[in-house]
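See below for the structure under consideration.
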Number of protein chains: 6
Amino acid sequence: MAIPRVELERAIDAALAEDLALGDPTTDALIPPERQGRAIMIAREPGIASGVDVAAAVFQRVDPSLSTTPLVGDGQALEAGGLMLSVEGAFASILSAERTAVNFAQRMSGIATLAAQYVKAVEGTGAAIVDTRKTAPGLRVLDKHAVASGGGRNHRQALGDGVLIKDNHIAALRDEGLSIAEIVARARANAAHTIKIEVEVQTLEEARDAMDGKPDILLLDNMNPDEMRKVVDLVHGRALTEASGGITLANVAEVAASGVDLISIGALTHSPRALDISLDYSG
Amino acid sequence: MAIPRVELERAIDAALAEDLALGDPTTDALIPPERQGRAIMIAREPGIASGVDVAAAVFQRVDPSLSTTPLVGDGQALEAGGLMLSVEGAFASILSAERTAVNFAQRMSGIATLAAQYVKAVEGTGAAIVDTRKTAPGLRVLDKHAVASGGGRNHRQALGDGVLIKDNHIAALRDEGLSIAEIVARARANAAHTIKIEVEVQTLEEARDAMDGKPDILLLDNMNPDEMRKVVDLVHGRALTEASGGITLANVAEVAASGVDLISIGALTHSPRALDISLDYSG
Amino acid sequence: MAIPRVELERAIDAALAEDLALGDPTTDALIPPERQGRAIMIAREPGIASGVDVAAAVFQRVDPSLSTTPLVGDGQALEAGGLMLSVEGAFASILSAERTAVNFAQRMSGIATLAAQYVKAVEGTGAAIVDTRKTAPGLRVLDKHAVASGGGRNHRQALGDGVLIKDNHIAALRDEGLSIAEIVARARANAAHTIKIEVEVQTLEEARDAMDGKPDILLLDNMNPDEMRKVVDLVHGRALTEASGGITLANVAEVAASGVDLISIGALTHSPRALDISLDYSG
Amino acid sequence: MAIPRVELERAIDAALAEDLALGDPTTDALIPPERQGRAIMIAREPGIASGVDVAAAVFQRVDPSLSTTPLVGDGQALEAGGLMLSVEGAFASILSAERTAVNFAQRMSGIATLAAQYVKAVEGTGAAIVDTRKTAPGLRVLDKHAVASGGGRNHRQALGDGVLIKDNHIAALRDEGLSIAEIVARARANAAHTIKIEVEVQTLEEARDAMDGKPDILLLDNMNPDEMRKVVDLVHGRALTEASGGITLANVAEVAASGVDLISIGALTHSPRALDISLDYSG
Amino acid sequence: MAIPRVELERAIDAALAEDLALGDPTTDALIPPERQGRAIMIAREPGIASGVDVAAAVFQRVDPSLSTTPLVGDGQALEAGGLMLSVEGAFASILSAERTAVNFAQRMSGIATLAAQYVKAVEGTGAAIVDTRKTAPGLRVLDKHAVASGGGRNHRQALGDGVLIKDNHIAALRDEGLSIAEIVARARANAAHTIKIEVEVQTLEEARDAMDGKPDILLLDNMNPDEMRKVVDLVHGRALTEASGGITLANVAEVAASGVDLISIGALTHSPRALDISLDYSG
Amino acid sequence: MAIPRVELERAIDAALAEDLALGDPTTDALIPPERQGRAIMIAREPGIASGVDVAAAVFQRVDPSLSTTPLVGDGQALEAGGLMLSVEGAFASILSAERTAVNFAQRMSGIATLAAQYVKAVEGTGAAIVDTRKTAPGLRVLDKHAVASGGGRNHRQALGDGVLIKDNHIAALRDEGLSIAEIVARARANAAHTIKIEVEVQTLEEARDAMDGKPDILLLDNMNPDEMRKVVDLVHGRALTEASGGITLANVAEVAASGVDLISIGALTHSPRALDISLDYSG
């Protein structure tokens with residue numbers, strides 16, 4: 001998704017507030033404000049770029065007179081040594097912004113790189129790799145943008161843009177004697193007509209129960225590929241199917257081969273490895 | 001570090017704003033507000049707990065009438081299946097808060113668990129494991145609290161609480177003909193007397209140059225253990241030594257054996273794997 | 001929808017900031033802080049209550065020691081003279097909060113009352129009355145809660161929780177030679193699988209074109225009931241149909257009779273008449 | 001009043017945050033970021049323009065590279081079809097900002113149009129139409145600017161810029177045995193010398209009592225024009241007189257003819273009908 | 001004025017954010033969270049108390065479980081050694097809040113003490129001591145509350161609660177050929193009826209000119225007491241008179257003797273000396 | 001320290017919000033928006049400039065189209081009549097921003113002027129004048145920048161950038177039987193290696209005790225110069241020494257002569273006299 005400017009600035013201001021709350025005494029002590037300079041943001045390992053514009057916005061938030069030039073677009077592949085962003089102007093400003101700018105870019109590019117690996121692993125199947133709401137608190141929009149940079153698709157952005165009936169909803173309502181189909185029906189009766197209804201199931205049995213409620217999407221939680229295949233057969237196109245839980249780069253192709261439409265990967269945003277990125281003085 | 005309440009609430013409000021901006025139609029549709037219930041936050045794998053109070057604060061921010069009981073303290077070890085937090089009250093509120101509460105706890109416990117692994121790997125040496133400013137933007141205070149939960153020590157919290165002369169400062173000033181010693185001396189002359197001065201060096205040569213400036217801490221960037229040992233010998237207690245760059249669980253013991261005082265690990269906070277934590281309905 | 005607490009407090013703080021920025025010199029001059037008192041919020045005309053809890057929260061934000069008792073629930077009918085809320089404690093605090101508390105309740109109850117009139121007018125048909133994003137800026141969540149209090153249903157809360165292809169999207173893409181069906185197909189290819197796709201049409205012709213793209217919802221803009229009926233026949237259950245534009249209390253029943261599923265009314269939130277509500281000293 | 005920039009940006013950011021929190025998937029899916037376009041904001045019915053600059057500021061907040069050209073000034077009359085604002089640039093940005101920009105303009109122009117009707121109805125009398133604090137929560141400054149656009153005058157902006165002794169103040173103090181004159185005197189003794197003192201009365205009797213306290217302004221609440229005339233005679237220029245309560249476009253001229261100086265109309269801001277405004281793609 | 005809670009919390013949060021942004025490592029290192037204790041806020045010199053409730057609110061913001069007991073009311077006289085506030089609970093929390101709590105109390109009590117000196121100096125004359133808008137940025141409401149604690153009266157709180165035509169307004173309009181009377185008349189014609197009109201004059205001549213415009217208040221800027229007396233005679237009760245500029249504790253009695261109604265003292269809030277206040281551990 | 005832009009804007013927005021919350025009716029009534037003009041900020045007494053860029057930023061925040069030209073740099077000396085800043089553009093905007101801009105500049109220049117007097121008084125000794133955390137709540141960064149403008153040095157910016165063991169920490173731990181040396185040792189064991197440890201002592205005895213703990217800095221609280229000299233002798237360069245408490249312009253030279261390294265002066269920021277600055281219309 002495109003990052004709305006208001007969200008972008010909120011995230012950047014929060015990050016700068018925590019890093020620059022007490023100023024930058026190192027730079028104050030060493031670099032006179034009139035000293036000009038240039039630096040380049042460089043990937044130290046291969047990956048997929050994301051957050052280049054975010055990093056540029058950090059530099060310009062610290063000092064609007066800095067001039068930034070993106071050298072790669074979000075979603076493009078980077079070699080080790082690949083140039084990402086050039087920034088030029090008061091070198092003291094560049095130094096004060098450096099860590100925050102790189103922190104954004106390394107997390108976002110790390111997410112994009114991981115997403116791209118999953119996307120590649122399922123290439124040729126019909127399955128789409130999608131993200132979850134398991135994002136770093138406060139970084140939802142940026143994390144999801146990064147998934148998209150890596151070729152992943154976005155699932156629900158927030159609790160509010162879809163009905164997803166999860167294990168705890170079902171457990172609480174089963175206590176009252178409802179079947180999954182009845183739970184889905186209650187959701188349909190009460191929720192907005194404009195959003196889809198998804199329901200989590202953990203067995204073929206539950207899938208059968210759920211389908212009687214005519215959900216839009218069936219979330220297959222922690223099933224093995226064989227079970228998934230049976231559910232896909234059962235559903236037979238009457239709903240989208242989404243695999244979730246215990247999926248890794250090692251087994252994702254097998255999961256995709258089961259015929260599910262969507263494969264959601266929490267690790268994309270809750271456990272990404274940062275891409276190794278540095279900012280280098282270039283005169 | 002203890003988490004200041006103002007910072008805690010800022011982080012929680014930012015996270016809830018992004019997840020609950022459009023409300024929770026699933027829960028609205030299914031769970032009547034008067035329905036009471038209880039849920040338990042459980043670790044699905046072994047690790048070190050952190051963020052338990054943060055998760056509790058999320059539940060109470062969503063609904064102050066919820067009652068929360070921590071079942072483990074930050075810094076304590078968790079078995080797979082270990083109970084972390086019990087929450088009781090309006091079940092709709094518990095469901096609306098669930099994801100955000102777990103998102104905080106799984107990141108923080110993941111960081112604590114990773115930190116504890118590094119700390120254990122250097123046990124018996126004099127070296128302390130310390131964090132960096134490579135934190136998730138907006139989560140600095142929480143990330144650093146989590147490192148401490150794992151037995152790590154905190155390095156600079158922000159640009160403002162220490163002078164750290166890095167590669168880019170040095171590169172810019174070398175262009176003007178200054179030696180590292182002269183750069184350190186300039187920092188000492190201009191910076192507050194109340195904060196320490198640390199300087200980054202990449203070779204034994206540079207370390208020698210730097211020590212003439214009498215820094216408080218020497219940052220050994222990307223050296224191998226042999227080089228580190230030589231620098232430690234050279235420094236001979238006149239400054240603290242800090243190893244940084246390219247350090248993993250596999251080689252950290254060897255690094256510690258070089259005699260450095262501090263080992264800083266960016267990955268603690270830029271690339272932690274989330275601990276597997278779930279919230280389970282318990283009636 | 002239930003109002004998330006973080007959103008509620010943001011709206012209340014914004015309102016109190018603008019009314020109490022310079023304090024309350026009238027009350028300061030007249031009412032000593034220790035003076036106790038009680039006041040009742042009363043509807044001066046019949047209607048549907050909404051915002052009672054919001055008003056209570058305003059009083060408690062101004063002074064947490066005030067005690068409030070709701071006397072009617074959101075969604076319940078009020079006679080002229082109907083009691084809504086009792087508040088008791090430091091009377092100076094009650095007076096300082098009065099206007100802001102009533103401002104929320106009178107707008108929200110006005111919206112609920114208007115929504116209920118539309119809902120009543122289509123009773124017995126299958127059509128649901130739904131709101132739009134034409135809300136007072138900054139009051140989206142409260143306006144939509146009020147619609148629900150009146151028995152209306154909520155449409156998209158924000159740009160992000162559904163794809164709605166409107167006239168301007170279509171106009172821009174037609175310039176490039178795309179049919180509506182092709183536009184819908186492009187949306188389906190690019191948007192999340194988890195949200196529904198709605199498209200606006202203005203003629204039977206356009207509806208035919210659009211249906212080739214297999215949208216989830218068809219928005220019939222500014223059609224007369226006859227045209228709507230023809231579209232409903234054409235669609236024949238393959239999509240939801242939503243009527244919009246030029247609909248009033250006078251013609252809404254006729255619109256509903258056309259067989260559309262949803263009738264969206266911008267006026268519910270862009271032009272509601274405030275319910276006449278006052279706060280009366282009661283000793 | 002001129003709208004202070006800090007207030008303007010606060011209102012716009014709150015509105016954009018609620019509409020764009022989850023981005024704009026429709027536009028993301030359909031309109032490439034490099035696509036340029038132009039749109040015109042047009043009044044669909046006659047009225048008085050207000051909020052044109054606010055709408056322009058919304059577009060520029062979403063995307064500072066958009067270029068906006070106001071085609072009418074706040075306070076100017078609009079015919080049906082009257083052009084209000086042209087905006088040009090990245091068409092995706094225009095679409096994402098559209099609803100929020102129009103929401104501001106349609107409310108503000110609706111208020112201005114209603115205010116102008118009241119102002120016209122009392123033309124030729126000495127009475128001024130004034131607003132109240134019955135504004136949409138969070139929109140005080142914009143609502144009052146819109147009243148001024150329609151030729152109305154502004155009454156108190158907040159609790160803090162004038163002393164206004166209302167029914168509840170009086171009721172509480174009468175319980176302690178004070179006359180209205182004594183209440184006014186207490187206010188004068190305790191309040192700042194720099195703000196005026198206004199007091200509400202509901203009968204000629206009360207007006208007589210109040211005038212002994214030498215208020216600056218007398219608020220005649222819910223009187224009929226005959227009673228008002230008697231109070232005006234009684235006051236005889238020693239205070240301003242303000243009529244309030246139960247005043248409509250149908251009877252406002254008669255109220256004005258009573259000789260009151262000010263006529264305050266809560267409905268200007270608590271129950272305005274939005275002006276019908278649309279944004280049209282123009283290539 | 002009473003301090004509105006929303007303003008109070010904003011000011012406290014801003015102060016805590018800047019002091020506790022990086023936590024409190026001293027207290028973390030030394031005082032275990034379970035350690036209980038008590039401390040007393042004590043005046044080290046005589047003065048007038050103000051900000052006692054603000055200080056209490058700071059402690060409770062840092063840790064809601066702290067218990068605070070005010071030992072003196074705002075506006076009461078303090079001897080050297082006078083007890084102001086007792087706070088009890090987690091001693092670590094008390095220490096982390098200490099500096100911020102004292103910072104508020106020492107500034108506010110300093111302002112109150114200075115105000116009381118001016119008030120005492122004019123005792124027996126009819127003149128009131130009033131403050132100005134020359135407050136510390138961000139502390140307007142607290143500074144003005146403190147003036148009131150010292151027996152001073154409040155002038156305009158903000159640009160918005162009164163018309164005050166100052167030298168620069170006059171200079172700009174004189175360039176266009178307007179007399180002061182004409183300027184006052186223009187203000188009366190354009191401004192709200194509900195706020196008073198004050199105009200600044202620097203000579204008897206200007207006062208004569210201004211009075212033709214019938215202002216509510218005449219601001220006598222930088223006149224000596226003789227000139228003031230002449231203006232007071234000229235005005236003869238047709239407006240309030242306010243002396244301003246160059247007034248000190250040494251000459252304020254003489255200024256008051258001139259018969260002016262109000263004496264505004266910028267130094268009350270732009271140059272107060274902090275009262276010497278400390279927080280002492282008491283077991 | 002250089003003022004981070006995010007902090008600068010936060011402080012300016014808070015100040016403008018409180019002054020312009022209700023707009024500027026005086027200027028609205030008198031000065032048409034198209035009226036152009038110029039004004040000059042002038043020092044009315046000698047001093048040291050500070051806050052010139054802050055004042056310029058205030059003008060541009062109120063109206064980005066204003067053009068500002070600094071006429072003096074922060075830290076430069078001003079004669080009476082010295083020109084500080086020129087601002088040109090819409091004169092209404094200049095008038096609305098005037099008070100807030102001057103409020104910042106007069107406080108900051110007042111602090112700088114006072115700091116310069118202390119710095120001058122100790123010239124030729126080795127002692128540095130440093131500030132404290134006794135700043136106006138919300139203005140920490142600006143107050144400290146102003147101290148630096150006057151040639152003073154900055155001490156801790158916040159609780160987080162150094163360990164400072166104060167009287168209350170010591171009192172609480174002495175209750176548990178710890179010596180000062182043991183307290184210092186506990187701090188060293190628990191606190192980050194990267195920040196210095198300072199401890200407060202009040203007697204030579206305590207200094208002796210403390211030095212056994214090997215602190216980085218010794219704070220000599222309320223000692224007379226003779227006692228200080230003895231402590232300086234005792235310490236003999238093993239720690240920095242800082243004098244604090246009861247220090248005035250009259251005795252600071254004598255304090256400096258004792259050989260202490262640092263002299264901290266709370267009055268720099270808790271009791272500065274504002275520099276007399278005005279903004280004058282210049283056509």
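In the structure tokens, chains take the letters A, B, ... in the order shown, each chain's residues start at 1, and ligands count up from 1 in the order shown.
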Contact check, chain E to chain C, at most 8 Å, counting only C-alpha atoms, closest pairs as a tab-separated table:
residue	atom	partner	partner_atom	distance
E:Met1	CA	C:Asp28	CA	6.4
E:Ala2	CA	C:Gly23	CA	6.6
E:Ile3	CA	C:Gly23	CA	6.6
E:Pro4	CA	C:Gly23	CA	6.0
E:Arg5	CA	C:Val62	CA	6.0
E:Val6	CA	C:Ala17	CA	6.7
E:Glu7	CA	C:Ala21	CA	7.2
E:Val141	CA	C:Leu22	CA	7.2
E:Gln157	CA	C:Leu22	CA	6.2
E:Ala158	CA	C:Leu22	CA	7.5
When DSSP is applied to the backbone of this structure, which of segment 92-181 of chain D are assigned strand (DSSP E or B)? Write them out as a count of residues only.
7
For Thr100 of chain B, work out the shell of residues within 8 Å, counting only C-alpha atoms and skipping chain neighbours fewer than 5 positions away, then give it as a list in words.
Pro137 of chain A; Ala15, Leu16, Asp19, Ala55 and Val58 of chain B
Rank E:Asp276, E:Gly266, E:Val122, E:Asp209 by their smallest atom-to-atom distance to Gly245 of chain F, using only C-alpha atoms, and report the top residue only.
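Ranked by minimum distance to Gly245 of chain F, first place goes to E:Asp276.
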Excluding Met223 of chain B and its own-chain neighbours fewer than 4 positions away, which residues fall within 9 Å of it when counting only C-alpha atoms? Please give them as a ChimeraX atom specification.
/B:202-203,227-228,243-246
Save out the residues we just selected, N, CA, C and O atoms, as a tab-separated table (two decimals), in the first residue's frame.
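The result, stored in result_3.tsv:
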chain	number	residue	atom	x	y	z
B	202	GLN	N	39.01	0.94	13.64
B	202	GLN	CA	38.86	-0.28	12.84
B	202	GLN	C	40.16	-1.08	12.75
B	202	GLN	O	40.16	-2.22	12.27
B	203	THR	N	41.24	-0.48	13.20
B	203	THR	CA	42.53	-1.18	13.17
B	203	THR	C	43.31	-0.86	14.44
B	203	THR	O	42.97	0.08	15.17
B	227	GLU	N	42.88	-9.25	16.64
B	227	GLU	CA	43.11	-7.80	16.65
B	227	GLU	C	42.57	-7.18	17.93
B	227	GLU	O	43.19	-6.29	18.52
B	228	MET	N	41.41	-7.64	18.34
B	228	MET	CA	40.83	-7.10	19.56
B	228	MET	C	41.78	-7.27	20.74
B	228	MET	O	42.00	-6.38	21.54
B	243	ALA	N	33.51	-4.28	21.67
B	243	ALA	CA	33.56	-4.96	20.38
B	243	ALA	C	32.23	-4.79	19.67
B	243	ALA	O	31.17	-4.82	20.31
B	244	SER	N	32.29	-4.66	18.35
B	244	SER	CA	31.07	-4.41	17.60
B	244	SER	C	31.23	-4.86	16.17
B	244	SER	O	32.30	-4.74	15.59
B	245	GLY	N	30.19	-5.43	15.58
B	245	GLY	CA	30.23	-5.75	14.16
B	245	GLY	C	30.54	-7.20	13.89
B	245	GLY	O	31.58	-7.71	14.32
B	246	GLY	N	29.68	-7.89	13.18
B	246	GLY	CA	29.97	-9.25	12.75
B	246	GLY	C	29.97	-10.28	13.87
B	246	GLY	O	30.54	-11.36	13.72
Compile the contact shell of Gly126 of chain C as a list in words: residues with an atom at most 8 Å away, counting only C-alpha atoms, same-chain residues fewer than 6 positions apart removed.
Ala256, Gly259, Val260 and Asp261 of chain C
Write a file of the just-selected residues containing C-alpha atoms, as a PDB file, in the first residue's frame.
ATOM      1  CA  ALA C 256     -36.472   0.070  -0.983  1.00  0.00           C
ATOM      2  CA  GLY C 259     -35.343  -4.622  -4.270  1.00  0.00           C
ATOM      3  CA  VAL C 260     -31.942  -3.080  -3.550  1.00  0.00           C
ATOM      4  CA  ASP C 261     -30.054  -4.568  -0.620  1.00  0.00           C
TER       5      ASP C 261
END
Using only C-alpha atoms, which protein or nucleic acid residues come within 8 Å of Ala257 of chain C? Drop anything in the same chain fewer than 4 positions from it, and give the result as an MDAnalysis selection string.
chainID C and resid 125 225 253
Take the residues just selected and output them with N, CA, C and O atoms as a CSV table (one decimal), in the first residue's frame.
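What landed in out_32.csv:
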chain,number,residue,atom,x,y,z
C,125,THR,N,-39.2,-4.2,4.2
C,125,THR,CA,-38.5,-4.5,3.0
C,125,THR,C,-37.2,-5.2,3.4
C,125,THR,O,-36.9,-5.2,4.6
C,225,PRO,N,-36.2,4.7,-9.0
C,225,PRO,CA,-36.6,3.4,-8.6
C,225,PRO,C,-36.8,2.4,-9.7
C,225,PRO,O,-36.5,1.2,-9.6
C,253,ALA,N,-38.9,4.7,0.8
C,253,ALA,CA,-39.7,3.4,0.8
C,253,ALA,C,-39.8,2.9,-0.6
C,253,ALA,O,-39.7,1.7,-0.9
Residues within 9 Å of Lys196 of chain B, only C-alpha atoms, excluding chain neighbours under 3 positions, as a CSV table (one decimal) with N, CA and C atoms, in the first residue's frame:
chain,number,residue,atom,x,y,z
B,161,ASP,N,22.9,10.9,25.1
B,161,ASP,CA,23.4,10.5,26.4
B,161,ASP,C,24.8,10.0,26.4
B,162,GLY,N,25.5,10.4,25.3
B,162,GLY,CA,27.0,10.0,25.3
B,162,GLY,C,27.5,10.5,24.0
B,163,VAL,N,28.8,10.7,24.0
B,163,VAL,CA,29.5,11.1,22.7
B,163,VAL,C,30.0,9.8,22.1
B,164,LEU,N,29.6,9.5,20.9
B,164,LEU,CA,30.1,8.3,20.2
B,164,LEU,C,30.6,8.8,18.8
B,188,ARG,N,36.2,16.4,23.4
B,188,ARG,CA,36.3,16.6,24.8
B,188,ARG,C,36.2,18.1,25.1
B,192,ALA,N,29.8,18.2,26.8
B,192,ALA,CA,29.6,18.3,28.2
B,192,ALA,C,30.6,17.4,29.0
B,193,HIS,N,31.0,17.9,30.2
B,193,HIS,CA,31.9,17.1,31.0
B,193,HIS,C,31.3,15.9,31.6
B,215,PRO,N,40.3,8.8,25.1
B,215,PRO,CA,38.8,8.6,25.1
B,215,PRO,C,38.4,7.7,26.4
B,216,ASP,N,37.2,7.8,26.7
B,216,ASP,CA,36.7,7.0,27.8
B,216,ASP,C,36.4,5.5,27.3
B,217,ILE,N,36.0,5.4,26.1
B,217,ILE,CA,35.6,4.1,25.6
B,217,ILE,C,36.1,4.0,24.1
F,194,THR,N,28.4,3.2,29.9
F,194,THR,CA,28.6,4.3,28.9
F,194,THR,C,28.3,5.7,29.5
F,195,ILE,N,27.8,5.7,30.7
F,195,ILE,CA,27.5,7.0,31.3
F,195,ILE,C,28.3,7.2,32.6
F,196,LYS,N,28.6,8.5,32.9
F,196,LYS,CA,29.4,8.8,34.1
F,196,LYS,C,28.6,8.7,35.4
